[in-house]
>>> print(open('work.txt').read())   # compact mmCIF, C-alpha atoms and all ligand atoms
# COMPACT_ATOMS: atom_id res chain seq x y z
CA MET A 12 17.40 19.81 -25.37
CA THR A 13 17.48 19.31 -21.63
CA ALA A 14 14.81 20.67 -19.36
CA THR A 15 16.34 23.69 -17.67
CA HIS A 16 16.14 23.40 -13.94
CA GLU A 17 16.33 27.19 -13.57
CA SER A 18 13.18 27.89 -15.55
CA PRO A 19 10.72 25.07 -15.04
CA ALA A 20 7.79 27.25 -16.01
CA ARG A 21 9.26 28.02 -19.41
CA SER A 22 10.51 24.50 -20.14
CA THR A 23 7.04 23.21 -19.28
CA ARG A 24 5.63 25.04 -22.23
CA THR A 25 8.53 24.47 -24.62
CA PRO A 26 7.84 21.89 -27.33
CA GLY A 27 10.54 19.32 -27.98
CA ALA A 28 11.94 16.51 -25.93
CA ALA A 29 12.37 17.56 -22.32
CA ARG A 30 14.77 15.18 -20.58
CA THR A 31 15.81 14.57 -17.04
CA GLY A 32 19.43 15.32 -16.18
CA ARG A 33 19.51 12.05 -14.23
CA ALA A 34 17.33 8.97 -14.05
CA LEU A 35 14.26 9.47 -11.83
CA PRO A 36 13.31 5.94 -10.74
CA PHE A 37 9.73 5.24 -9.71
CA ALA A 38 10.97 4.05 -6.33
CA GLN A 39 14.31 3.91 -4.56
CA PRO A 40 14.89 2.83 -0.96
CA LEU A 41 16.94 5.33 1.03
CA LEU A 42 19.41 3.27 3.07
CA ASP A 43 22.73 4.48 4.47
CA GLU A 44 25.40 3.65 7.07
CA ARG A 45 22.78 3.63 9.81
CA GLU A 46 20.93 0.61 8.38
CA GLN A 47 24.28 -1.03 7.53
CA GLU A 48 25.51 -0.58 11.10
CA ALA A 49 22.24 -1.93 12.53
CA VAL A 50 22.54 -5.06 10.38
CA ARG A 51 26.22 -5.48 11.28
CA GLN A 52 25.27 -5.48 14.96
CA VAL A 53 22.72 -8.25 14.43
CA LEU A 54 25.22 -10.35 12.47
CA ALA A 55 27.84 -9.89 15.19
CA GLY A 56 25.47 -11.27 17.84
CA PRO A 57 23.84 -14.62 18.58
CA THR A 58 20.18 -13.85 17.84
CA LEU A 59 18.88 -13.89 14.27
CA THR A 60 15.21 -14.43 15.02
CA HIS A 61 12.82 -14.30 18.03
CA GLY A 62 14.86 -11.39 19.35
CA PRO A 63 14.73 -7.92 20.83
CA ARG A 64 14.81 -6.05 17.52
CA VAL A 65 11.53 -7.47 16.27
CA ARG A 66 9.96 -6.56 19.60
CA GLN A 67 11.40 -3.04 19.43
CA PHE A 68 10.27 -2.56 15.83
CA GLU A 69 6.77 -3.67 16.85
CA SER A 70 6.60 -1.27 19.78
CA ASP A 71 8.11 1.62 17.74
CA PHE A 72 5.54 0.95 15.03
CA ALA A 73 2.64 0.83 17.49
CA ALA A 74 3.87 4.14 18.92
CA PHE A 75 4.08 5.67 15.43
CA VAL A 76 0.50 4.76 14.50
CA GLY A 77 -0.48 5.94 17.96
CA ASP A 78 -2.24 3.05 19.59
CA GLY A 79 -2.89 -0.66 19.57
CA HIS A 80 -0.67 -3.72 19.13
CA ALA A 81 1.75 -4.35 16.29
CA VAL A 82 2.88 -7.79 15.06
CA ALA A 83 5.75 -7.96 12.55
CA THR A 84 5.45 -10.38 9.62
CA SER A 85 7.44 -11.51 6.60
CA SER A 86 5.32 -9.42 4.18
CA CYS A 87 2.05 -7.55 3.85
CA MET A 88 0.60 -10.57 2.02
CA ALA A 89 1.43 -12.65 5.12
CA ALA A 90 -0.18 -10.03 7.38
CA LEU A 91 -3.36 -10.01 5.27
CA HIS A 92 -3.52 -13.81 5.29
CA LEU A 93 -3.03 -13.92 9.07
CA ALA A 94 -5.76 -11.30 9.52
CA CYS A 95 -8.25 -13.42 7.55
CA LEU A 96 -7.27 -16.57 9.45
CA ALA A 97 -7.44 -14.90 12.86
CA LEU A 98 -10.95 -13.63 12.11
CA GLY A 99 -12.03 -17.17 11.25
CA ILE A 100 -12.86 -16.36 7.63
CA GLY A 101 -13.12 -19.58 5.63
CA PRO A 102 -15.11 -21.77 3.24
CA GLY A 103 -18.72 -20.67 2.79
CA ASP A 104 -17.91 -17.05 3.65
CA GLU A 105 -17.91 -14.05 1.33
CA VAL A 106 -15.70 -11.00 1.70
CA LEU A 107 -16.26 -7.64 0.01
CA VAL A 108 -12.93 -6.67 -1.63
CA SER A 109 -11.82 -3.46 -3.38
CA ALA A 110 -11.67 -4.15 -7.13
CA GLN A 111 -8.85 -1.64 -7.57
CA THR A 112 -6.09 -2.99 -5.33
CA HIS A 113 -2.99 -5.16 -5.25
CA THR A 114 -3.83 -8.79 -5.84
CA ALA A 115 -2.60 -9.57 -2.29
CA THR A 116 -5.80 -8.13 -0.76
CA ALA A 117 -7.87 -10.69 -2.67
CA HIS A 118 -5.36 -13.57 -2.47
CA ALA A 119 -5.48 -13.43 1.34
CA VAL A 120 -9.24 -14.04 1.22
CA GLU A 121 -8.97 -16.77 -1.46
CA LEU A 122 -6.32 -18.68 0.51
CA THR A 123 -8.79 -19.21 3.36
CA GLY A 124 -11.35 -20.80 1.01
CA ALA A 125 -13.72 -17.82 1.27
CA ARG A 126 -15.04 -16.09 -1.84
CA CYS A 127 -14.17 -12.55 -2.98
CA VAL A 128 -17.01 -10.24 -3.99
CA PHE A 129 -15.47 -7.25 -5.74
CA VAL A 130 -16.57 -3.66 -5.16
CA ASP A 131 -15.93 -1.02 -7.84
CA SER A 132 -14.08 2.27 -7.25
CA GLU A 133 -15.54 5.70 -6.82
CA PRO A 134 -14.03 8.00 -9.47
CA ARG A 135 -12.62 10.81 -7.32
CA THR A 136 -10.16 8.77 -5.23
CA GLY A 137 -10.21 5.26 -6.69
CA ASN A 138 -11.19 3.90 -3.25
CA LEU A 139 -14.01 1.40 -3.07
CA ASP A 140 -17.44 2.97 -3.65
CA LEU A 141 -19.24 2.77 -0.31
CA ASP A 142 -22.61 3.28 -2.03
CA LEU A 143 -22.15 -0.18 -3.58
CA LEU A 144 -21.59 -2.13 -0.34
CA ALA A 145 -25.31 -2.62 0.30
CA GLU A 146 -25.79 -4.00 -3.23
CA ARG A 147 -23.04 -6.61 -2.90
CA ILE A 148 -23.82 -7.93 0.56
CA THR A 149 -25.47 -11.37 0.98
CA PRO A 150 -26.27 -13.55 4.02
CA ALA A 151 -22.81 -15.15 3.55
CA THR A 152 -20.87 -11.85 3.78
CA ARG A 153 -18.50 -11.92 6.77
CA ALA A 154 -16.03 -9.10 6.19
CA ILE A 155 -14.78 -6.16 4.16
CA ALA A 156 -11.16 -6.20 2.92
CA LEU A 157 -10.40 -2.74 1.57
CA VAL A 158 -7.34 -0.87 0.38
CA HIS A 159 -6.53 2.76 1.10
CA TYR A 160 -5.71 3.37 -2.54
CA LEU A 161 -2.51 5.41 -3.05
CA GLY A 162 -2.62 6.29 0.65
CA VAL A 163 -5.86 8.28 0.55
CA CYS A 164 -7.91 6.95 3.46
CA VAL A 165 -11.31 5.44 2.81
CA ASP A 166 -14.13 7.17 4.73
CA MET A 167 -13.71 4.79 7.68
CA PRO A 168 -16.48 6.10 9.97
CA ARG A 169 -18.92 5.22 7.20
CA VAL A 170 -17.34 1.80 6.66
CA LEU A 171 -17.53 1.02 10.38
CA GLN A 172 -21.15 2.09 10.57
CA PHE A 173 -22.03 -0.24 7.70
CA ALA A 174 -19.92 -3.04 9.20
CA GLN A 175 -21.56 -2.72 12.61
CA GLN A 176 -25.06 -2.68 11.13
CA ASN A 177 -24.31 -5.85 9.19
CA ASN A 178 -22.05 -7.63 11.67
CA LEU A 179 -19.00 -7.58 9.38
CA ARG A 180 -15.29 -7.61 10.28
CA VAL A 181 -12.99 -5.06 8.61
CA ILE A 182 -9.46 -5.62 7.27
CA GLU A 183 -7.54 -2.58 6.02
CA ASP A 184 -4.80 -3.07 3.43
CA CYS A 185 -2.48 -0.21 4.43
CA ALA A 186 0.44 -1.17 2.17
CA LEU A 187 0.33 2.33 0.63
CA ALA A 188 -1.05 4.07 3.71
CA LEU A 189 1.83 4.37 6.20
CA GLY A 190 1.36 7.94 7.47
CA SER A 191 -2.28 8.18 6.32
CA THR A 192 -4.92 9.30 8.77
CA CYS A 193 -8.68 9.57 8.69
CA GLY A 194 -9.71 12.11 11.30
CA ALA A 195 -7.16 11.78 14.10
CA THR A 196 -6.83 8.00 13.67
CA HIS A 197 -4.09 6.32 11.66
CA ALA A 198 -5.12 3.97 8.85
CA GLY A 199 -5.23 0.38 10.09
CA LEU A 200 -6.63 1.18 13.54
CA TRP A 201 -10.22 1.64 12.38
CA GLY A 202 -10.98 -1.93 11.44
CA ASP A 203 -10.14 -5.23 13.14
CA PHE A 204 -6.72 -5.32 11.46
CA GLY A 205 -4.47 -3.03 9.45
CA CYS A 206 -1.74 -4.57 7.27
CA PHE A 207 1.41 -2.72 6.16
CA SER A 208 4.19 -3.53 3.67
CA PHE A 209 7.94 -2.92 3.81
CA TYR A 210 8.58 -4.01 0.24
CA PRO A 211 11.35 -1.79 -1.23
CA ALA A 212 8.94 0.38 -3.25
CA LYS A 213 6.83 1.33 -0.20
CA HIS A 214 7.24 4.22 2.27
CA ILE A 215 9.88 2.38 4.32
CA THR A 216 11.55 -0.95 3.67
CA THR A 217 13.03 -3.98 5.43
CA GLY A 218 13.85 -5.71 2.12
CA GLU A 219 10.74 -7.84 2.49
CA GLY A 220 8.48 -7.40 5.47
CA GLY A 221 5.11 -6.44 6.84
CA MET A 222 3.27 -5.39 9.98
CA LEU A 223 -0.15 -6.06 11.35
CA VAL A 224 -1.84 -3.67 13.78
CA THR A 225 -4.96 -4.18 15.86
CA ARG A 226 -6.53 -2.60 18.94
CA ASP A 227 -7.72 -5.99 20.19
CA PRO A 228 -5.13 -7.73 22.42
CA ALA A 229 -6.77 -11.15 21.92
CA LEU A 230 -6.54 -10.80 18.12
CA ALA A 231 -2.91 -9.66 18.45
CA GLN A 232 -2.17 -12.76 20.53
CA ARG A 233 -3.90 -14.97 17.98
CA VAL A 234 -1.92 -13.63 15.01
CA SER A 235 1.39 -13.89 16.86
CA SER A 236 0.65 -17.56 17.46
CA LEU A 237 -0.50 -18.19 13.87
CA ARG A 238 2.58 -16.38 12.56
CA ALA A 239 4.76 -19.02 14.25
CA PHE A 240 3.17 -22.39 13.35
CA GLY A 241 0.32 -22.03 15.85
CA ILE A 242 2.71 -22.89 18.69
CA ASP A 243 1.21 -22.09 22.06
CA ARG A 244 4.22 -20.57 23.79
CA HIS A 245 6.76 -17.92 22.93
CA ILE A 246 10.23 -19.38 22.51
CA VAL A 247 12.10 -17.17 24.98
CA ASP A 248 9.71 -16.19 27.73
CA GLN A 249 7.30 -19.00 28.29
CA ARG A 250 8.87 -22.43 27.87
CA ALA A 251 9.35 -24.52 30.96
CA LEU A 252 11.98 -26.63 29.18
CA PRO A 253 13.93 -25.75 26.01
CA GLY A 254 12.14 -27.27 23.03
CA LEU A 255 8.92 -28.02 24.88
CA TYR A 256 5.71 -26.71 23.31
CA ASP A 257 2.28 -27.74 22.09
CA VAL A 258 0.58 -26.83 18.79
CA ALA A 259 -2.96 -25.62 19.26
CA ASP A 260 -3.62 -24.28 15.75
CA LEU A 261 -2.78 -24.79 12.09
CA GLY A 262 -0.30 -21.91 11.67
CA LEU A 263 2.40 -20.77 9.29
CA ASN A 264 5.89 -19.36 9.45
CA TYR A 265 5.34 -15.69 8.64
CA ARG A 266 7.90 -14.28 11.06
CA MET A 267 10.20 -11.32 10.48
CA SER A 268 13.93 -11.84 11.10
CA GLU A 269 16.08 -9.72 13.44
CA ILE A 270 18.03 -8.51 10.39
CA ALA A 271 14.89 -7.12 8.74
CA ALA A 272 13.65 -5.61 12.01
CA ALA A 273 17.00 -3.87 12.58
CA ILE A 274 16.61 -2.16 9.20
CA GLY A 275 12.98 -1.34 9.97
CA ILE A 276 13.81 0.42 13.25
CA VAL A 277 16.17 2.80 11.44
CA GLN A 278 13.76 3.31 8.54
CA LEU A 279 10.86 4.09 10.87
CA ALA A 280 12.92 6.82 12.53
CA LYS A 281 13.38 8.38 9.08
CA LEU A 282 9.70 8.09 8.18
CA PRO A 283 8.47 11.53 9.33
CA GLU A 284 11.05 13.21 7.08
CA PHE A 285 10.20 10.83 4.18
CA LEU A 286 6.50 11.70 4.56
CA ARG A 287 7.22 15.43 4.62
CA ILE A 288 9.18 15.22 1.35
CA ARG A 289 6.53 13.02 -0.29
CA ARG A 290 3.81 15.54 0.49
CA ARG A 291 5.90 18.45 -0.76
CA ASN A 292 6.78 16.56 -3.96
CA PHE A 293 3.16 15.54 -4.55
CA THR A 294 1.91 19.10 -4.11
CA ARG A 295 4.55 20.51 -6.44
CA LEU A 296 4.00 17.91 -9.16
CA ALA A 297 0.21 18.29 -8.96
CA ALA A 298 0.65 22.07 -9.32
CA GLY A 299 2.95 21.51 -12.31
CA LEU A 300 0.26 19.45 -14.04
CA GLU A 301 -2.60 21.79 -13.20
CA GLY A 302 -4.44 23.00 -16.27
CA LEU A 303 -2.69 20.48 -18.53
CA ALA A 304 -5.34 19.51 -21.09
CA GLY A 305 -6.37 15.86 -21.09
CA VAL A 306 -4.87 15.07 -17.67
CA ARG A 307 -6.64 14.84 -14.29
CA VAL A 308 -4.73 14.12 -11.10
CA LEU A 309 -6.55 11.66 -8.86
CA ALA A 310 -7.61 13.10 -5.47
CA ALA A 311 -5.24 16.04 -5.65
CA ASP A 312 -7.32 17.70 -2.93
CA GLN A 313 -5.61 15.59 -0.34
CA ALA A 314 -6.60 17.88 2.51
CA VAL A 315 -9.81 15.85 2.85
CA GLN A 316 -7.93 12.96 4.45
CA HIS A 317 -4.27 13.15 5.38
CA SER A 318 -2.70 11.06 2.64
CA SER A 319 0.66 9.32 2.82
CA CYS A 320 1.17 10.53 -0.79
CA TYR A 321 2.41 7.20 -2.11
CA CYS A 322 2.56 8.35 -5.73
CA LEU A 323 0.71 10.65 -8.11
CA VAL A 324 -1.78 8.98 -10.42
CA ALA A 325 -2.90 11.00 -13.43
CA LEU A 326 -5.93 9.93 -15.47
CA LEU A 327 -5.64 10.55 -19.20
CA GLU A 328 -8.76 11.64 -21.01
CA ALA A 329 -9.64 10.73 -24.59
CA PRO A 330 -7.98 10.92 -27.11
CA LEU A 331 -4.74 10.89 -25.07
CA ALA A 332 -5.83 7.79 -23.10
CA ALA A 333 -5.62 5.62 -26.24
CA ARG A 334 -1.94 6.55 -26.56
CA ARG A 335 -0.89 5.77 -23.00
CA SER A 336 1.79 3.22 -23.99
CA GLU A 337 3.45 5.73 -26.31
CA LEU A 338 3.30 8.39 -23.63
CA LEU A 339 4.84 6.06 -21.03
CA GLY A 340 7.51 5.04 -23.56
CA ARG A 341 8.45 8.67 -24.08
CA LEU A 342 8.55 9.40 -20.36
CA ASN A 343 10.73 6.36 -19.71
CA ALA A 344 13.05 7.29 -22.59
CA ALA A 345 13.38 10.76 -21.07
CA GLY A 346 14.48 9.23 -17.77
CA VAL A 347 11.18 9.42 -15.86
CA GLY A 348 10.31 6.19 -14.03
CA THR A 349 6.61 5.31 -14.14
CA SER A 350 4.38 2.52 -12.94
CA LEU A 351 0.76 1.36 -13.10
CA TYR A 352 -1.40 1.24 -9.95
CA TYR A 353 -2.76 -1.25 -10.72
CA PRO A 354 -2.35 -2.81 -14.18
CA ALA A 355 -5.89 -4.27 -14.09
CA PRO A 356 -8.75 -4.47 -11.60
CA VAL A 357 -8.17 -7.67 -9.59
CA PRO A 358 -11.38 -9.35 -10.92
CA ARG A 359 -9.98 -8.94 -14.46
CA MET A 360 -6.72 -10.78 -13.62
CA THR A 361 -6.78 -14.25 -15.17
CA TYR A 362 -7.16 -16.26 -11.95
CA TYR A 363 -10.09 -14.16 -10.75
CA ARG A 364 -11.69 -13.76 -14.19
CA GLN A 365 -11.71 -17.52 -14.68
CA LYS A 366 -13.00 -18.22 -11.19
CA TYR A 367 -15.66 -15.52 -10.80
CA ALA A 368 -16.44 -14.02 -14.22
CA THR A 369 -17.33 -10.77 -12.43
CA PRO A 370 -19.49 -8.65 -14.79
CA VAL A 371 -17.57 -5.83 -16.47
CA ALA A 372 -20.28 -3.49 -15.18
CA HIS A 373 -19.08 -4.26 -11.63
CA MET A 374 -15.60 -2.83 -12.31
CA LEU A 375 -16.12 0.04 -14.74
CA GLN A 376 -14.47 2.77 -12.65
CA ALA A 377 -11.64 0.51 -11.51
CA ALA A 378 -11.00 -0.44 -15.16
CA ARG A 379 -10.96 3.20 -16.18
CA ILE A 380 -8.22 3.88 -13.63
CA SER A 381 -6.23 0.78 -14.62
CA ASP A 382 -6.52 1.40 -18.35
CA THR A 383 -6.11 5.16 -18.63
CA SER A 384 -3.84 6.25 -15.79
CA ILE A 385 -0.13 6.72 -15.29
CA ALA A 386 1.59 6.61 -11.90
CA LEU A 387 4.42 9.07 -11.28
CA PRO A 388 6.90 8.99 -8.37
CA VAL A 389 6.96 11.51 -5.51
CA GLY A 390 9.25 9.58 -3.14
CA PRO A 391 11.92 11.11 -0.90
CA HIS A 392 14.64 10.12 -3.39
CA LEU A 393 13.34 13.00 -5.56
CA THR A 394 13.61 16.78 -5.24
CA ASP A 395 11.56 19.87 -6.10
CA GLU A 396 13.61 20.21 -9.28
CA ASP A 397 12.84 16.61 -10.19
CA MET A 398 9.11 17.38 -9.86
CA ASP A 399 9.49 20.36 -12.22
CA THR A 400 11.47 18.22 -14.65
CA MET A 401 8.81 15.48 -14.57
CA ALA A 402 6.03 17.99 -15.22
CA ALA A 403 8.05 19.40 -18.12
CA CYS A 404 8.69 15.93 -19.55
CA LEU A 405 5.00 15.04 -19.36
CA CYS A 406 3.96 18.31 -21.00
CA SER A 407 6.46 17.98 -23.84
CA ALA A 408 5.63 14.30 -24.39
CA ILE A 409 1.94 15.18 -24.68
CA GLU A 410 2.69 17.99 -27.11
CA GLU A 411 4.81 15.68 -29.24
CA LEU A 412 2.02 13.12 -29.40
CA ALA A 413 -0.42 15.81 -30.46
CA THR A 414 1.70 16.88 -33.45
C1 LIG B 501 2.63 -3.83 -2.27
C2 LIG B 501 1.25 -4.15 -1.83
C3 LIG B 501 0.95 -5.35 -1.19
C4 LIG B 501 1.94 -6.47 -1.05
O1 LIG B 501 2.92 -6.20 -0.12
P1 LIG B 501 4.05 -7.31 0.18
O2 LIG B 501 4.73 -6.78 1.40
O3 LIG B 501 4.94 -7.32 -1.02
O4 LIG B 501 3.37 -8.60 0.40
C5 LIG B 501 -0.33 -5.54 -0.70
N1 LIG B 501 -1.27 -4.61 -0.88
C6 LIG B 501 -1.04 -3.45 -1.50
C7 LIG B 501 -2.13 -2.44 -1.65
C8 LIG B 501 0.23 -3.19 -2.04
O5 LIG B 501 0.44 -2.05 -2.73
>>> encode(input="work.txt", output="structure tokens")
Amino acid sequence: MTATHESPARSTRTPGAARTGRALPFAQPLLDEREQEAVRQVLAGPTLTHGPRVRQFESDFAAFVGDGHAVATSSCMAALHLACLALGIGPGDEVLVSAQTHTATAHAVELTGARCVFVDSEPRTGNLDLDLLAERITPATRAIALVHYLGVCVDMPRVLQFAQQNNLRVIEDCALALGSTCGATHAGLWGDFGCFSFYPAKHITTGEGGMLVTRDPALAQRVSSLRAFGIDRHIVDQRALPGLYDVADLGLNYRMSEIAAAIGIVQLAKLPEFLRIRRRNFTRLAAGLEGLAGVRVLAADQAVQHSSCYCLVALLEAPLAARRSELLGRLNAAGVGTSLYYPAPVPRMTYYRQKYATPVAHMLQAARISDTSIALPVGPHLTDEDMDTMAACLCSAIEELAT
């Protein structure tokens, strides 16, 4: 039986294997002739790096988030690493890190020689529990590196108040938070740095790529130097003689190419429409799952903060939670793409477990999300009908498991 697109309400309640008419991938970049043409123009010209497209992408991005300076990088991981380096975080320092995040948030801290101190999630949103910050702080704490989990903004006024009281720097991992605001301010502009990702599964893509934003011009200058080997002068504007420069810092090559930036400029222009569809899809899917026994959608009341609606994460309650793999298997077999955000709290990943042996009690809520949730897509590659089909597939898969 196929799920009937005409009567989603009925198919939702019909036992038996609901199926999608087409595959519904978890993520799918939306690229067309416009990105192809932009890339063709770069390839037809002389400038593959250090060029006008990176500068335009940076200024377009700064305009989109509303304020501050933007520095393009080769990935979000690179942006996070540069942020830590530019803030002088290093050996002997501790950084408070969200336990429920991508490993990149923690890796950036580790790579500087500083130590991660993980902070558990609060159950409603999965964001780090701000009540725990005071318990985890020590005289060595220098900064907070937090993620806006699934694009739902952390309560940043409260974070900043705590940071100011304790003289801490703040790095925001905004890889899932392009289009997220807290109050009138875009994610990434609250702290010292915000770091974005253009990996293909994110809101917009450049293949691989990232962006760093900051309100502080001196910090922006520092990361642009560190992103290019720590060289003291920009290649085009500032060299007295071709090839002449000095190296003032131990930097890296974390630059974005003109090809990637050309794609990013086109993608960014499409972003408002992408965000509109994501929100509509999220709302429709959440409504389709409302009242479904054993399933709770994480932070469905997204009016609290303006979320970028990265994906919909549903927590499974017992006894369904114990059968998550079977449920995911059935959804995938029916054509519904799924993912896990994230497969384990970072402190439970082997590298971090072996290094820190963080007590299980310090990651209980994060573990509950990792171990009992499923992530469903709401991206702009999907339609209203797809949302109804996904809800129907989930309902019928749950019914099948119950019988
Ligand atoms: C995807 C992701 C990253 C990594 O982004 P890259 O651009 O692939 O380096 C970092 N943090 C979070 C929260 C992510 O979801």
>>> closest_residue(input="work.txt", among="A:Ala97, A:Ala378, A:Cys322, A:Ala49", to="ligand LIG 501 (chain B)", atoms="all atoms listed in the file")
A:Cys322
>>> residues_near_point(input="work.txt", point="(0.0, 11.9, 9.7)", cutoff="9 Å", atoms="all atoms listed in the file", output="MDAnalysis selection string")
chainID A and resid 76 189:192 195:197 283 286 317:319
>>> closest_residue(input="work.txt", among="A:Glu183, A:Asp203, A:Asp260, A:Glu411", to="ligand LIG 501 (chain B)", atoms="all atoms listed in the file")
A:Glu183
>>> closest_residue(input="work.txt", among="A:Ala119, A:Leu237, A:Ala304, A:Ala298", to="ligand LIG 501 (chain B)", atoms="only C-alpha atoms and all ligand atoms")
A:Ala119
>>> residues_near_point(input="work.txt", point="(15.3, -3.4, 10.5)", cutoff="9 Å", atoms="only C-alpha atoms", output="ChimeraX atom specification")
/A:46,49-50,64-65,68,216-218,268-279
>>> write_last_selection(input="work.txt", atoms="C-alpha atoms", output="compact mmCIF listing (two decimals), keeping the file's coordinate frame")
# COMPACT_ATOMS: atom_id res chain seq x y z
CA GLU A 46 20.93 0.61 8.38
CA ALA A 49 22.24 -1.93 12.53
CA VAL A 50 22.54 -5.06 10.38
CA ARG A 64 14.81 -6.05 17.52
CA VAL A 65 11.53 -7.47 16.27
CA PHE A 68 10.27 -2.56 15.83
CA THR A 216 11.55 -0.95 3.67
CA THR A 217 13.03 -3.98 5.43
CA GLY A 218 13.85 -5.71 2.12
CA SER A 268 13.93 -11.84 11.10
CA GLU A 269 16.08 -9.72 13.44
CA ILE A 270 18.03 -8.51 10.39
CA ALA A 271 14.89 -7.12 8.74
CA ALA A 272 13.65 -5.61 12.01
CA ALA A 273 17.00 -3.87 12.58
CA ILE A 274 16.61 -2.16 9.20
CA GLY A 275 12.98 -1.34 9.97
CA ILE A 276 13.81 0.42 13.25
CA VAL A 277 16.17 2.80 11.44
CA GLN A 278 13.76 3.31 8.54
CA LEU A 279 10.86 4.09 10.87
>>> atom_distance(input="work.txt", atom1="atom CA of A:Asp131", atom2="atom CA of A:Ile155")
13.1 Å
>>> closest_atom_pairs(input="work.txt", of="chain A", to="ligand LIG 501 (chain B)", cutoff="10 Å", atoms="only C-alpha atoms and all ligand atoms", output="tab-separated table")
residue	atom	partner	partner_atom	distance
A:Thr84	CA	B:LIG501	O2	9.0
A:Ser85	CA	B:LIG501	O2	7.5
A:Ser86	CA	B:LIG501	O2	3.9
A:Cys87	CA	B:LIG501	O2	3.7
A:Met88	CA	B:LIG501	O4	3.8
A:Ala89	CA	B:LIG501	O4	6.5
A:Ala90	CA	B:LIG501	O4	8.0
A:Leu91	CA	B:LIG501	C5	8.1
A:His92	CA	B:LIG501	O4	9.9
A:Ser109	CA	B:LIG501	C7	9.9
A:Gln111	CA	B:LIG501	C7	9.0
A:Thr112	CA	B:LIG501	C7	5.4
A:His113	CA	B:LIG501	C6	4.6
A:Thr114	CA	B:LIG501	N1	7.0
A:Ala115	CA	B:LIG501	C5	4.9
A:Thr116	CA	B:LIG501	N1	5.7
A:Ala117	CA	B:LIG501	N1	9.2
A:His118	CA	B:LIG501	C5	9.6
A:Ala119	CA	B:LIG501	C5	9.6
A:Leu157	CA	B:LIG501	C7	8.9
A:Val158	CA	B:LIG501	C7	5.8
A:His159	CA	B:LIG501	C7	7.3
A:Tyr160	CA	B:LIG501	C7	6.9
A:Leu161	CA	B:LIG501	C7	8.0
A:Gly162	CA	B:LIG501	C7	9.0
A:Glu183	CA	B:LIG501	C7	9.4
A:Asp184	CA	B:LIG501	C7	5.8
A:Cys185	CA	B:LIG501	C7	6.5
A:Ala186	CA	B:LIG501	C6	4.6
A:Leu187	CA	B:LIG501	O5	5.5
A:Ala188	CA	B:LIG501	C7	8.5
A:Cys206	CA	B:LIG501	C5	8.2
A:Phe207	CA	B:LIG501	O2	7.1
A:Ser208	CA	B:LIG501	O2	4.0
A:Phe209	CA	B:LIG501	O2	5.6
A:Tyr210	CA	B:LIG501	O2	4.9
A:Pro211	CA	B:LIG501	O3	8.5
A:Ala212	CA	B:LIG501	C1	7.6
A:Lys213	CA	B:LIG501	C1	7.0
A:Thr216	CA	B:LIG501	O2	9.3
A:Thr217	CA	B:LIG501	O2	9.6
A:Gly218	CA	B:LIG501	O2	9.2
A:Glu219	CA	B:LIG501	O2	6.2
A:Gly220	CA	B:LIG501	O2	5.6
A:Gly221	CA	B:LIG501	O2	5.5
A:Met222	CA	B:LIG501	O2	8.8
A:Tyr321	CA	B:LIG501	O5	9.5
A:Tyr352	CA	B:LIG501	O5	8.1
A:Tyr353	CA	B:LIG501	O5	8.6
>>> closest_residue(input="work.txt", among="A:Gly299, A:Gly305, A:Pro168, A:Pro354", to="A:Ala402", atoms="only C-alpha atoms")
A:Gly299
>>> closest_residue(input="work.txt", among="A:Tyr362, A:Leu327, A:Thr136, A:Pro150", to="A:Val163", atoms="only C-alpha atoms")
A:Thr136
>>> closest_residue(input="work.txt", among="A:Leu375, A:Leu200, A:Ile385, A:Ala154", to="A:Gly77", atoms="only C-alpha atoms")
A:Leu200
>>> atom_distance(input="work.txt", atom1="atom CA of A:Thr149", atom2="atom CA of A:Gly202")
20.2 Å
>>> atom_distance(input="work.txt", atom1="atom CA of A:Ala29", atom2="atom CA of A:Asp397")
12.2 Å
>>> axis_aligned_box(input="work.txt", around="stretch 366-371 of chain A", padding_each_side="4 Å", output="JSON")
{"center_x": -16.2, "center_y": -12.0, "center_z": -13.6, "size_x": 14.5, "size_y": 20.4, "size_z": 13.7}
>>> residues_around(input="work.txt", residues="A:Gly205", least_positions_apart="2", cutoff="6 Å", atoms="all atoms listed in the file", output="ChimeraX atom specification")
/A:183,199,223-224
>>> write_last_selection(input="work.txt", atoms="C-alpha atoms", output="PDB file, keeping the file's coordinate frame")
ATOM      1  CA  GLU A 183      -7.540  -2.580   6.020  1.00  0.00           C
ATOM      2  CA  GLY A 199      -5.230   0.380  10.090  1.00  0.00           C
ATOM      3  CA  LEU A 223      -0.150  -6.060  11.350  1.00  0.00           C
ATOM      4  CA  VAL A 224      -1.840  -3.670  13.780  1.00  0.00           C
TER       5      VAL A 224
END
>>> residues_around(input="work.txt", residues="stretch 171-173 of chain A", least_positions_apart="4", cutoff="10 Å", atoms="only C-alpha atoms", output="compact mmCIF listing (two decimals) with C-alpha atoms, in the frame of the given file")
# COMPACT_ATOMS: atom_id res chain seq x y z
CA LEU A 141 -19.24 2.77 -0.31
CA LEU A 144 -21.59 -2.13 -0.34
CA ALA A 145 -25.31 -2.62 0.30
CA ILE A 155 -14.78 -6.16 4.16
CA ASP A 166 -14.13 7.17 4.73
CA MET A 167 -13.71 4.79 7.68
CA ASN A 177 -24.31 -5.85 9.19
CA ASN A 178 -22.05 -7.63 11.67
CA LEU A 179 -19.00 -7.58 9.38
CA ARG A 180 -15.29 -7.61 10.28
CA VAL A 181 -12.99 -5.06 8.61
CA TRP A 201 -10.22 1.64 12.38
CA GLY A 202 -10.98 -1.93 11.44
>>> residues_around(input="work.txt", residues="A:Arg359", least_positions_apart="4", cutoff="10 Å", atoms="only C-alpha atoms", output="list in words")
Ala110, Pro354, Ala355, Tyr363, Arg364, Gln365, Tyr367, Ala368, Thr369, Pro370, Val371, Met374 and Ala378 of chain A
